[in-house]
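Engineer: First the structure, then my questions, so here it is.
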Amino acid sequence: MFYIYCPYCGEHREEEEFHPKGQAHIERPKEPEACSDEEWGDYLFFRDNPRGVHHEMWVHAVGCRKFFNVTRHTVSYEILETYKMGEQPSITAGSQNQPRLAHAVSQKEGVRA
Amino acid sequence: MSNAATFDSRTDTAIPVESPLAYSYRRSGAPQAGSPSWLQLRERAMLGHLILRGGAIVLDEAVRDVLGISLPGQPQALVQDASGERSIQWLSPDEWLVIVPGGEEFPLETKLREHLGDAHFAISDVSGGQTLLELSGEAARELLMKTVIYDVHPSNFPVGKGVTTVFAKATTILRRPSEERWELVVRRSFADYCYRWLLDAAAEYGVNVQQ
Amino acid sequence: MSQSKQQMYRLNTGGRIDRSHTLSFTFNGERYQGHPGDTLASALLANGVDIVNRSFKYSRPRGIVAAGAEEPNAIVQLGSTEAAQVPNVRATQQALYDGLTASSTNGWPNVQRDLMGLIGKLSGQFMPPGFYYKTFMAPASMWLTYEKYIRMAAGLGCSPMEVDPDSYDHLHQHCDVLVVGAGAAGLAAALAAARSGARVIVADEQEEMGGSLLDSRETLDGKPADQWVARVLAELAGCENVTLLSRTTANGYHDHNFVTLHERRTEHLGETAPVVHGHRQVRSRMHRVRVGQVILTTGAHERPLVYAGNDVPGNLLAGAVSTYIRRYGVAPGRKLVLSTSNDYGYRAALDWNEAGCEVVAVVDAREAPAGDWVDATRAQGIKIITGSAVIEAKGSNRVTAARVAKIDIEAFKVSGPVQELACDTIASSGGYSPVIHLASHTGARPTWRDDILGFVPGLVKGVQACGGANGCYALCDVLAEGVEAGIKAAAAMGHAAQTVSLPSAEQLQQGPAVALFQVPHEKPTLRGPKQLVDLQNDVTAAGIELATREGFESIEHIKRYTAMGFGTDQGKLGNINGMAIAARCLGRSIPEVGTTVFRPNYTPVTFGAIVGRHCRDLFDPERYTALHQWHVERGAEFEDVGQWKRPWYYPQKVNGKAETMHEAVARECLAVREKVGILDASTLGKIDIQGPDAREFLARIYTNKWEKLAVGKCRYGLMCKDDGMVTDDGVTSCLAENHFLMTTTTGGAAAILEWLELWHQTEWPELDVYFSSVTDHWATMTITGPEARKLLAEISDIDLDRDSFKFMDWRSGKVGGVPARVFRISFTGELTFEINVQANYAMHVWQTLFKHGEKYGLTPYGTETMHVLRAEKGFIIVGQETDGSVTPEDLGMQWAIGYDKPYSWIGKRALIRSDTKRENRKQLVGLRPKDPKVVLEEGAQIVLDPKHAIPMPMVGHVTSSYYSPVLDSGFALAVVKGGHQKLGETVYLPMADGQTHEAEIVSTIFYDPKGERQNV
């Protein structure tokens, strides 16, 4: 159960109040008709599935009903930051700001007992 | 003017009305168990509920002039007038819930619309769509802990706060207008579920329902 | 039977039990007595009950091994009545109450004479790991049969077959600091955090807080340690910012410091929860706690040594022996042999001796043990055999002797002659394993530490482990670690530290322990007597060795192959030993073999506590309209539509007999077609849309055009996702130039509001528009049928003339004296008025309609009739005719697509992709069965050639199918590949029963194709 900081409500709230909405920063092409079928297919269907830092869009569905973005580590599930719609992340997969996730690094692949 | 349609949904007081809990009282009754100081539940039905949407700067002056309360700009803030009869609650950066005595909502909407003129805003009357439940007594906080996922400890939920959160498997707007009282704004269609939930969760204390 | 005979192993003094009161209880049908303060386990031991269970696989007799959560054998079934049955309770964790009724989980016909035990004995040698899978694999079809008998024999406890009279609930908690475990470290941490003012929760799984301090030999400030415990607990209990939860197990540790605590509130009082002041109390409660800082002070479990016959009743953990003597006033035997690898084990010998029982010998694996406890043991004249271990326990139903020999740990062999010491109890200690289970739940991997011969927990953000859980065992260090953790945690939550003075603990000299896990035997492991590693799952050292020989190298694989650490045990006693054995066999170190991971729950949690209040009538919200009471009184049958309860049909009594659904629906359909019917349509989603850009927004979100919709007009709209597939539909009305009211499907209301917000907030924030849900504010009553106008005219001041109030217009006025918006839209094909009033007035208006409607034959109808009527008209239902793969064109709704709109609306681009333009797509058509009496099955597959060999190529399926009373025929809607070009063709529907139905592809509109009736 995540504990998510809603950038609009200004506080952490329980995951039950939120809905995940998939990868963040997927922009609808400004001129859809100018897209090839392949480009449009990419926009519609293809998403990243990184191991590590990932940007996701969530909505505070039972709350302020605002959409916002979450930078989350997909191994440790740690939420590194949340930011409002229209803003850019300060932490990215390649950024220097990324905290050392000691446990995430030491974690090995594998099934659990 | 905002070029929106207004609609006074109220009429002659002789025409019978049914609150969202009317069915629930018939089905589940209104228990009078335990002492009111321990746990009391009361529906404050037929109040005027308006959803106000717009920019805070746009709305603030109109609200102050018309209602005499300043618009709460801070998240989770709830403000009331001196009588406690009228309140405005922050719901989101561009959304507020106004609750006033029943029948005041349409004149209020009209005055706000006049005041706001051509500005971009929206007012929706939702008076028929929700009801307000009042909870008081020593066991009220623990009952809320069974019910809502939000932290209701006084250090996190002082008087003058209100949040939208999860109520069991439904949702609610939870507010704390005074030290003793909590208010739950529930949707009409979920009201019976919420009522039955509260009675069930309160069974170990005994609850006094004031009709 | 005399009192003393009954509790023959009860000591005369000592322990935390109340000897002045006696409690009766029943175990496996026999009556026994115990005292308040006993656990079921201590009471059984006091009564000399050796065999408490039969083992899971080999059905060997088993006795009590431990005194806490790590107990692998004494798993019992509680309850004297069917409704009160509770399976999987550890006797070591169940407080004794008067009248407690328990029985062994395994053992048939009983634990003393277990028939399965014979099988275990005979076949024990031949039941290696994977035995069941290997043996019962062929033929595969027989597995279910085999499994039934294996399961019956194994016995995994029984769930109650009657309704549980108790209630359970959840409590949502939030705190700055959660301390898990109230032993020395936990209490010190709690004290430090509490004094700083932080919100603290202390959870402890035992009946009493204090952990090992309750039965410690050591003193604090020169006084018995439990006095310090009492003082600290009194202070904590007096703090408003502290919640003390005893009998509360932290059973799961989830993401972002979310911990679930299972509090057994009344399980120590009786089979069902007590009634206090007329109010029945909650039996068990799950605290769902969001924590700032977690402090794990879960202590350590003593590790047993693995030797032959170590599962015979009478083999106990050394620490458990001390606990039974010092805490419960029970000596679990008369003659003790202790086998140890460390100094801690010596305490059992000292306690045993001081209780007046005989210590035959202490057998220490170390050549030259030295330390304060070793010295004390020598001083009491107890014999110490060094460099040796118990290599085998003799006895079948109870230990009769210990076989002791010199061992060479390095070479893993017995290096001297074997001597047999007569005894009835063997205690063993292989050192401690920190209880790292909770930390493991987070996914953090533990770290092996050679210095303590154990794993310490890996830690995520916001958690500390201290004391035994961190491999720190000396009492003075444990207390110091606790205080430090408490201060650190509180500080992290913004609470400044306050001083905590620690009580002075004894400084004990201790010698180093030796790494001993499996004790060598004269015979090789694979051929010697059984050496049990996991007692609950019957995993032996031989089984692990065999697994490594069969090529399993990863500990995770070995665990799965052997079942080590499975189930409710979660490897509390066996996992580390098992890993050490695997490491030895593979010639690797323990950390090289892999780390171990534990899953929730730490110990079993009753389903009641998991479910809480979300059961029975409160399982899921039921949403009601403002007219629900009327529907109930009218005898409606209800249909679930999302969470709504909608009237499905209203069966009437005809000659004292209730109509069937078929009869009721036929009557309701005809009433609408011939007279007038009424539907409660309040559940439709309604979204109030305001703002100067509302119209532009609608044009982008709907497939059709909105620029010319005038005030006072309504329009049907179709919504797609950007993949071009239909996702919702409904009528949207223009209330004012900048004001629209959108209706959505009943099920789609919340999702569509979120959908609108999504596009507004993420892609088109520049559009000035706001959306608010008004679904619940309005009650919607649909009157439909040729008499609808006459009825409405009687109670409304609205001009209803067909030429001024046209089809797809809306008007406001009064209905039954109540302000209303009335929409002339139709979902039945008949003349229809949708009356919307504020919901609090709904009942009055509805009843007024009925007061005036009787003479017109006003008939309430439900969703089933609604479906028939709309299908006769070919109106789709999103989610029935569509399934996320259907475009507007597939539905034949080209008229609702504005390809030439200026903005590239949602779904448009996808509608010109090659796949959406493909000719052979499944398209919506009508189906008329050749036999009018046939009502096709919804979902039935359609083929073109019923003589084709199976598998037949399927070209579509039926989406809606009903009997039409006006047509006196079955009819259906279906999607068929290229269906729009196949009108008039015959298709076939082969059914599971061998019948094949024939049907003709026809237009989707079965009734009134010109649409004249809605305009009468």
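Naming works like this for the structure tokens: A, B, ... for the chains as they're shown, residue 1 at the start of each chain, ligands 1 onward in shown order.
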Pick out the residues sitting within 7 Å of segment 159-169 of chain B, and hand them over as a tab-separated table (two decimals) with N, CA and C atoms, in the first residue's frame; count only C-alpha atoms, and ignore anything fewer than 4 positions along from it in its own chain.

Structural biologist:
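Final file, selection_32.tsv:
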```tsv
chain	number	residue	atom	x	y	z
A	17	GLU	N	-7.02	6.14	-2.14
A	17	GLU	CA	-7.65	7.34	-2.66
A	17	GLU	C	-7.24	7.62	-4.11
A	62	VAL	N	-10.28	9.84	-5.09
A	62	VAL	CA	-11.11	10.11	-3.91
A	62	VAL	C	-10.37	11.18	-3.12
A	63	GLY	N	-10.50	12.40	-3.60
A	63	GLY	CA	-9.75	13.50	-3.04
A	63	GLY	C	-9.99	14.70	-3.93
B	76	GLN	N	-7.63	21.54	2.30
B	76	GLN	CA	-8.28	20.89	3.44
B	76	GLN	C	-8.89	21.88	4.44
B	77	ALA	N	-9.04	23.14	4.02
B	77	ALA	CA	-9.56	24.11	4.99
B	77	ALA	C	-11.08	24.16	4.93
B	78	LEU	N	-11.65	24.38	6.10
B	78	LEU	CA	-13.11	24.52	6.23
B	78	LEU	C	-13.36	25.80	7.02
B	79	VAL	N	-14.16	26.71	6.46
B	79	VAL	CA	-14.50	27.92	7.23
B	79	VAL	C	-16.01	28.01	7.36
B	89	GLN	N	-15.87	24.78	2.12
B	89	GLN	CA	-14.78	23.82	2.31
B	89	GLN	C	-13.99	23.68	1.02
B	147	THR	N	-13.78	3.48	10.02
B	147	THR	CA	-14.60	3.79	8.85
B	147	THR	C	-13.83	4.47	7.73
B	148	VAL	N	-13.04	5.46	8.09
B	148	VAL	CA	-12.31	6.20	7.06
B	148	VAL	C	-10.82	5.90	7.16
B	149	ILE	N	-10.15	5.97	6.02
B	149	ILE	CA	-8.72	5.65	6.04
B	149	ILE	C	-7.88	6.86	6.43
B	150	TYR	N	-8.46	8.02	6.45
B	150	TYR	CA	-7.70	9.23	6.76
B	150	TYR	C	-7.43	9.31	8.27
B	173	ILE	N	-17.01	13.07	2.37
B	173	ILE	CA	-16.31	14.29	2.73
B	173	ILE	C	-16.41	14.39	4.23
B	174	LEU	N	-15.26	14.37	4.90
B	174	LEU	CA	-15.23	14.37	6.36
B	174	LEU	C	-14.74	15.74	6.82
B	175	ARG	N	-15.47	16.33	7.78
B	175	ARG	CA	-15.12	17.67	8.25
B	175	ARG	C	-15.20	17.71	9.77
B	176	ARG	N	-14.46	18.66	10.32
B	176	ARG	CA	-14.50	18.82	11.77
B	176	ARG	C	-14.81	20.28	12.07
B	177	PRO	N	-16.10	20.59	12.22
B	177	PRO	CA	-16.48	21.97	12.44
B	177	PRO	C	-16.24	22.44	13.88
B	178	SER	N	-16.20	21.52	14.84
B	178	SER	CA	-15.94	21.94	16.22
B	178	SER	C	-15.26	20.80	16.97
B	179	GLU	N	-14.86	21.08	18.19
B	179	GLU	CA	-14.14	20.08	18.99
B	179	GLU	C	-14.96	18.80	19.13
C	620	ASP	N	-20.47	-5.17	0.02
C	620	ASP	CA	-20.22	-4.16	-1.01
C	620	ASP	C	-21.32	-3.12	-0.89
C	621	PRO	N	-21.02	-1.87	-1.18
C	621	PRO	CA	-22.10	-0.88	-1.10
C	621	PRO	C	-23.23	-1.22	-2.06
```

Engineer: Please run DSSP on the backbone and report, as a compact mmCIF listing (two decimals) with N, CA and C atoms, in the first residue's frame, all residues within chain A that come out as strand (DSSP E or B).

Structural biologist:
```
# COMPACT_ATOMS: atom_id res chain seq x y z
N TYR A 3 1.95 5.19 -0.05
CA TYR A 3 1.59 6.42 0.66
C TYR A 3 2.05 7.52 -0.27
N ILE A 4 1.10 8.24 -0.83
CA ILE A 4 1.41 9.10 -1.96
C ILE A 4 1.19 10.56 -1.59
N TYR A 5 2.19 11.36 -1.87
CA TYR A 5 2.07 12.79 -1.60
C TYR A 5 1.33 13.44 -2.76
N CYS A 6 0.16 13.97 -2.48
CA CYS A 6 -0.61 14.65 -3.53
C CYS A 6 -0.11 16.10 -3.61
N GLU A 11 -0.33 16.92 1.02
CA GLU A 11 -0.06 15.94 2.08
C GLU A 11 -0.08 14.52 1.53
N HIS A 12 0.50 13.64 2.34
CA HIS A 12 0.49 12.23 1.97
C HIS A 12 -0.90 11.64 2.19
N ARG A 13 -1.32 10.82 1.25
CA ARG A 13 -2.62 10.17 1.39
C ARG A 13 -2.48 8.69 1.01
N GLU A 14 -3.43 7.90 1.53
CA GLU A 14 -3.38 6.46 1.30
C GLU A 14 -3.65 6.11 -0.17
N HIS A 19 -6.00 6.48 -8.24
CA HIS A 19 -6.01 5.51 -9.34
C HIS A 19 -4.74 5.72 -10.16
N PRO A 20 -4.07 4.65 -10.51
CA PRO A 20 -2.93 4.80 -11.42
C PRO A 20 -3.44 4.94 -12.85
N LYS A 21 -2.77 5.77 -13.64
CA LYS A 21 -3.24 6.02 -15.00
C LYS A 21 -2.15 5.75 -16.04
N GLY A 22 -1.17 4.95 -15.68
CA GLY A 22 -0.18 4.57 -16.67
C GLY A 22 0.99 5.54 -16.77
N GLN A 23 1.78 5.34 -17.79
CA GLN A 23 3.01 6.11 -17.95
C GLN A 23 2.71 7.60 -18.09
N VAL A 53 13.85 3.72 -12.21
CA VAL A 53 13.07 4.96 -12.11
C VAL A 53 12.04 5.04 -13.24
N HIS A 54 10.82 5.31 -12.87
CA HIS A 54 9.73 5.35 -13.84
C HIS A 54 8.80 6.52 -13.48
N HIS A 55 8.27 7.15 -14.52
CA HIS A 55 7.35 8.26 -14.29
C HIS A 55 5.94 7.80 -14.62
N GLU A 56 5.05 8.00 -13.70
CA GLU A 56 3.68 7.52 -13.87
C GLU A 56 2.71 8.66 -13.61
N MET A 57 1.54 8.53 -14.23
CA MET A 57 0.48 9.49 -13.92
C MET A 57 -0.51 8.81 -12.98
N TRP A 58 -0.92 9.55 -11.98
CA TRP A 58 -1.93 9.07 -11.04
C TRP A 58 -3.01 10.15 -10.92
N VAL A 59 -4.16 9.76 -10.43
CA VAL A 59 -5.20 10.75 -10.16
C VAL A 59 -5.67 10.56 -8.72
N PHE A 67 -5.09 15.17 -11.57
CA PHE A 67 -4.06 14.28 -12.12
C PHE A 67 -2.69 14.86 -11.80
N PHE A 68 -1.74 14.00 -11.55
CA PHE A 68 -0.37 14.46 -11.28
C PHE A 68 0.59 13.33 -11.61
N ASN A 69 1.86 13.61 -11.49
CA ASN A 69 2.87 12.63 -11.87
C ASN A 69 3.66 12.12 -10.67
N VAL A 70 4.09 10.91 -10.79
CA VAL A 70 4.82 10.24 -9.72
C VAL A 70 6.10 9.66 -10.32
N THR A 71 7.22 9.93 -9.68
CA THR A 71 8.45 9.24 -10.06
C THR A 71 8.66 8.12 -9.06
N ARG A 72 8.65 6.90 -9.58
CA ARG A 72 8.65 5.75 -8.68
C ARG A 72 9.72 4.76 -9.13
N HIS A 73 10.35 4.15 -8.16
CA HIS A 73 11.33 3.11 -8.47
C HIS A 73 10.60 1.78 -8.55
N ILE A 79 8.65 5.96 -3.81
CA ILE A 79 8.24 7.13 -4.59
C ILE A 79 9.27 8.22 -4.35
N LEU A 80 9.93 8.64 -5.42
CA LEU A 80 11.04 9.57 -5.27
C LEU A 80 10.57 11.01 -5.29
N GLU A 81 9.48 11.28 -6.02
CA GLU A 81 8.89 12.61 -6.00
C GLU A 81 7.53 12.54 -6.67
N THR A 82 6.70 13.53 -6.38
CA THR A 82 5.47 13.70 -7.13
C THR A 82 5.44 15.15 -7.60
N TYR A 83 4.84 15.40 -8.74
CA TYR A 83 4.83 16.77 -9.26
C TYR A 83 3.58 17.01 -10.08
N LYS A 84 3.23 18.27 -10.17
CA LYS A 84 1.96 18.63 -10.79
C LYS A 84 1.98 18.40 -12.30
```

Engineer: From the list B:Leu59, B:Met46, B:Leu39, B:Leu97, which residue is nearest chain C when using only C-alpha atoms?

Structural biologist: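 So, comparing all the options, the nearest one is B:Met46.
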
Engineer: Near Arg326 of chain C, counting only C-alpha atoms, which residues have an atom at most 10 Å away, once you skip same-chain residues fewer than 2 positions from it, shown as a list in words?

Structural biologist: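 Non-adjacent residues within range: Leu11, Thr13, Gly14, Gly15, Arg16, Leu214, Asp215, Ser216, Arg217, Ala320, Val321, Ser322, Thr323, Tyr324, Tyr328, Gly329, Val330, Ala331, Ala348, Asp351, Trp352 and Ala355 of chain C.
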
Engineer: Restrict the selected residues to C-alpha atoms and save them as a PDB file, in the first residue's frame.

Structural biologist:
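Final output, selection.pdb:
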```pdb
ATOM      1  CA  LEU C  11       6.084 -26.808  40.093  1.00  0.00           C
ATOM      2  CA  THR C  13       6.369 -22.259  43.232  1.00  0.00           C
ATOM      3  CA  GLY C  14       7.433 -19.746  40.626  1.00  0.00           C
ATOM      4  CA  GLY C  15       5.992 -18.556  37.382  1.00  0.00           C
ATOM      5  CA  ARG C  16       3.443 -15.921  36.522  1.00  0.00           C
ATOM      6  CA  LEU C 214       9.363 -11.963  32.074  1.00  0.00           C
ATOM      7  CA  ASP C 215      11.384 -15.122  32.597  1.00  0.00           C
ATOM      8  CA  SER C 216      14.914 -13.799  32.672  1.00  0.00           C
ATOM      9  CA  ARG C 217      17.514 -14.930  35.204  1.00  0.00           C
ATOM     10  CA  ALA C 320      11.584 -22.953  25.994  1.00  0.00           C
ATOM     11  CA  VAL C 321      12.533 -25.167  28.939  1.00  0.00           C
ATOM     12  CA  SER C 322      13.524 -22.056  30.872  1.00  0.00           C
ATOM     13  CA  THR C 323      10.345 -20.240  29.884  1.00  0.00           C
ATOM     14  CA  TYR C 324       8.109 -23.094  30.993  1.00  0.00           C
ATOM     15  CA  TYR C 328       4.568 -20.952  33.774  1.00  0.00           C
ATOM     16  CA  GLY C 329       5.818 -22.965  36.745  1.00  0.00           C
ATOM     17  CA  VAL C 330       6.070 -26.163  34.734  1.00  0.00           C
ATOM     18  CA  ALA C 331       9.033 -28.499  34.371  1.00  0.00           C
ATOM     19  CA  ALA C 348      18.046 -24.162  30.878  1.00  0.00           C
ATOM     20  CA  ASP C 351      16.671 -23.378  35.788  1.00  0.00           C
ATOM     21  CA  TRP C 352      16.011 -27.111  35.635  1.00  0.00           C
ATOM     22  CA  ALA C 355      13.475 -26.278  40.015  1.00  0.00           C
TER      23      ALA C 355
END
```

Engineer: Using only C-alpha atoms, I'd like a table of the residues in chain C that come within 7 Å of chain B; for each, show the closest atom pair and its distance in Å rounded to one decimal, ordered by chain and ascending number, as a tab-separated table.

Structural biologist:
```
residue	atom	partner	partner_atom	distance
C:His170	CA	B:Lys146	CA	5.6
C:Leu171	CA	B:Lys146	CA	4.5
C:His172	CA	B:Met145	CA	5.1
C:Gln173	CA	B:Asp151	CA	6.9
C:His174	CA	B:Asp151	CA	6.1
C:His279	CA	B:Glu204	CA	5.0
C:Arg280	CA	B:Glu204	CA	5.5
C:Gln281	CA	B:Glu204	CA	5.2
C:Val282	CA	B:Glu204	CA	6.8
C:Leu618	CA	B:Trp197	CA	6.8
C:Asp620	CA	B:Lys169	CA	6.7
C:Pro621	CA	B:Tyr193	CA	5.6
C:Glu622	CA	B:Tyr193	CA	6.2
C:Arg623	CA	B:Ser189	CA	4.7
C:Tyr624	CA	B:Ser189	CA	4.9
C:Thr625	CA	B:Ser189	CA	5.8
C:Ala626	CA	B:Pro20	CA	6.9
C:Gln629	CA	B:Tyr23	CA	6.0
C:Gln690	CA	B:Ala122	CA	5.8
C:Gly691	CA	B:His120	CA	6.4
C:Leu735	CA	B:Ala5	CA	5.7
C:Ala736	CA	B:Ala4	CA	5.1
C:Glu737	CA	B:Asn3	CA	5.9
C:Asn738	CA	B:Asn3	CA	5.5
C:His739	CA	B:Ala4	CA	5.0
C:Asp768	CA	B:His120	CA	6.8
C:Tyr770	CA	B:Ala122	CA	6.4
C:Ser772	CA	B:Ser124	CA	7.0
C:Val774	CA	B:Val126	CA	6.1
C:Asp776	CA	B:Gly129	CA	4.1
C:His777	CA	B:Gly129	CA	3.5
C:Trp778	CA	B:Gly128	CA	6.7
C:Val818	CA	B:Thr11	CA	6.0
C:Pro819	CA	B:Ser9	CA	5.5
C:Gln838	CA	B:Gly128	CA	5.3
C:Ala839	CA	B:Gly128	CA	5.0
C:Asn840	CA	B:Glu18	CA	4.9
C:Tyr841	CA	B:Val17	CA	5.0
C:His844	CA	B:Pro16	CA	6.4
```

Engineer: Take the residues just selected and output them with N, CA and C atoms as a short mmCIF file (atom, residue, chain, number, x, y, z; two decimals), in the first residue's frame.

Structural biologist:
```
data_model
loop_
_atom_site.label_atom_id
_atom_site.label_comp_id
_atom_site.auth_asym_id
_atom_site.auth_seq_id
_atom_site.Cartn_x
_atom_site.Cartn_y
_atom_site.Cartn_z
N HIS C 170 -11.74 -3.58 11.31
CA HIS C 170 -10.47 -2.95 10.97
C HIS C 170 -10.41 -1.60 11.68
N LEU C 171 -9.21 -1.20 12.02
CA LEU C 171 -9.03 0.13 12.57
C LEU C 171 -7.87 0.76 11.80
N HIS C 172 -8.14 1.92 11.25
CA HIS C 172 -7.09 2.62 10.49
C HIS C 172 -6.28 3.46 11.45
N GLN C 173 -5.03 3.13 11.58
CA GLN C 173 -4.17 3.81 12.54
C GLN C 173 -3.06 4.54 11.82
N HIS C 174 -2.58 5.57 12.45
CA HIS C 174 -1.43 6.31 11.94
C HIS C 174 -0.56 6.63 13.14
N HIS C 279 -23.68 -4.81 24.74
CA HIS C 279 -23.09 -4.66 23.41
C HIS C 279 -22.02 -5.72 23.20
N ARG C 280 -22.20 -6.52 22.18
CA ARG C 280 -21.22 -7.57 21.90
C ARG C 280 -19.92 -6.93 21.41
N GLN C 281 -18.83 -7.36 21.99
CA GLN C 281 -17.53 -6.80 21.65
C GLN C 281 -16.98 -7.42 20.36
N VAL C 282 -16.03 -6.73 19.79
CA VAL C 282 -15.41 -7.20 18.56
C VAL C 282 -14.36 -8.25 18.92
N LEU C 618 -22.80 -5.86 4.38
CA LEU C 618 -21.88 -4.75 4.11
C LEU C 618 -20.74 -5.16 3.19
N ASP C 620 -20.47 -5.17 0.02
CA ASP C 620 -20.22 -4.16 -1.01
C ASP C 620 -21.32 -3.12 -0.89
N PRO C 621 -21.02 -1.87 -1.18
CA PRO C 621 -22.10 -0.88 -1.10
C PRO C 621 -23.23 -1.22 -2.06
N GLU C 622 -24.44 -1.00 -1.59
CA GLU C 622 -25.60 -1.09 -2.47
C GLU C 622 -26.10 0.32 -2.65
N ARG C 623 -26.16 0.76 -3.90
CA ARG C 623 -26.63 2.13 -4.15
C ARG C 623 -28.12 2.09 -4.48
N TYR C 624 -28.84 2.99 -3.86
CA TYR C 624 -30.29 3.04 -4.06
C TYR C 624 -30.69 4.39 -4.66
N THR C 625 -31.73 4.36 -5.46
CA THR C 625 -32.29 5.63 -5.94
C THR C 625 -33.26 6.14 -4.88
N ALA C 626 -33.77 7.34 -5.10
CA ALA C 626 -34.69 7.95 -4.15
C ALA C 626 -36.03 7.22 -4.13
N GLN C 629 -37.58 2.59 -1.95
CA GLN C 629 -38.64 2.10 -1.04
C GLN C 629 -39.88 1.66 -1.83
N GLN C 690 -20.05 23.31 -17.44
CA GLN C 690 -20.22 24.76 -17.58
C GLN C 690 -18.94 25.39 -18.06
N GLY C 691 -19.10 26.45 -18.82
CA GLY C 691 -17.92 27.21 -19.26
C GLY C 691 -18.03 27.58 -20.72
N LEU C 735 -28.26 23.41 -21.99
CA LEU C 735 -29.11 24.12 -21.02
C LEU C 735 -29.03 25.62 -21.24
N ALA C 736 -27.84 26.07 -21.62
CA ALA C 736 -27.61 27.48 -21.94
C ALA C 736 -26.38 27.49 -22.83
N GLU C 737 -26.07 28.64 -23.37
CA GLU C 737 -24.97 28.68 -24.33
C GLU C 737 -23.69 28.07 -23.76
N ASN C 738 -23.43 28.34 -22.49
CA ASN C 738 -22.20 27.82 -21.86
C ASN C 738 -22.49 26.71 -20.86
N HIS C 739 -23.56 26.00 -21.05
CA HIS C 739 -23.99 25.08 -19.99
C HIS C 739 -24.66 23.85 -20.61
N ASP C 768 -11.80 26.62 -21.18
CA ASP C 768 -12.49 27.07 -19.97
C ASP C 768 -13.77 26.27 -19.79
N TYR C 770 -15.79 23.45 -16.72
CA TYR C 770 -15.77 22.70 -15.47
C TYR C 770 -16.80 21.58 -15.52
N SER C 772 -18.98 18.79 -13.05
CA SER C 772 -19.35 18.35 -11.71
C SER C 772 -20.39 17.25 -11.83
N VAL C 774 -23.65 15.44 -11.01
CA VAL C 774 -24.95 15.74 -10.40
C VAL C 774 -25.85 14.49 -10.46
N ASP C 776 -26.50 12.11 -8.38
CA ASP C 776 -27.37 11.82 -7.24
C ASP C 776 -28.36 12.95 -6.94
N HIS C 777 -28.07 14.13 -7.50
CA HIS C 777 -28.93 15.28 -7.21
C HIS C 777 -30.30 15.13 -7.87
N TRP C 778 -30.29 14.58 -9.07
CA TRP C 778 -31.52 14.45 -9.83
C TRP C 778 -32.07 13.03 -9.74
N VAL C 818 -43.67 20.25 -8.52
CA VAL C 818 -42.24 20.27 -8.23
C VAL C 818 -41.48 20.76 -9.46
N PRO C 819 -40.54 21.67 -9.28
CA PRO C 819 -39.76 22.14 -10.43
C PRO C 819 -39.06 20.96 -11.10
N GLN C 838 -35.33 17.32 -8.34
CA GLN C 838 -34.39 17.17 -7.24
C GLN C 838 -34.80 15.92 -6.45
N ALA C 839 -33.81 15.10 -6.12
CA ALA C 839 -34.11 13.74 -5.64
C ALA C 839 -35.00 13.71 -4.39
N ASN C 840 -34.89 14.71 -3.55
CA ASN C 840 -35.71 14.70 -2.32
C ASN C 840 -37.22 14.77 -2.62
N TYR C 841 -37.56 15.24 -3.83
CA TYR C 841 -38.97 15.33 -4.22
C TYR C 841 -39.43 14.12 -5.04
N HIS C 844 -42.57 12.01 -4.11
CA HIS C 844 -43.84 12.73 -4.28
C HIS C 844 -44.25 12.74 -5.76
#
```

Engineer: Just need the residues of chain C within 6 Å of chain A, counting only C-alpha atoms, so spit them out as a list in words.

Structural biologist: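 Per the criterion, chain C yields Asp255, His256, Ala444, Val597, Phe598 and Arg909 of chain C.
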
Engineer: Restricting the output to C-alpha atoms, write the selected residues as a PDB file, in the first residue's frame.

Structural biologist:
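Generated output (result.pdb):
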```
ATOM      1  CA  ASP C 255       5.089  -0.883   1.087  1.00  0.00           C
ATOM      2  CA  HIS C 256       5.844   2.545   2.478  1.00  0.00           C
ATOM      3  CA  ALA C 444      14.736  -6.271   1.547  1.00  0.00           C
ATOM      4  CA  VAL C 597      12.815 -14.640   2.380  1.00  0.00           C
ATOM      5  CA  PHE C 598       9.673 -14.903   4.470  1.00  0.00           C
ATOM      6  CA  ARG C 909      -7.355   9.144 -36.095  1.00  0.00           C
TER       7      ARG C 909
END
```
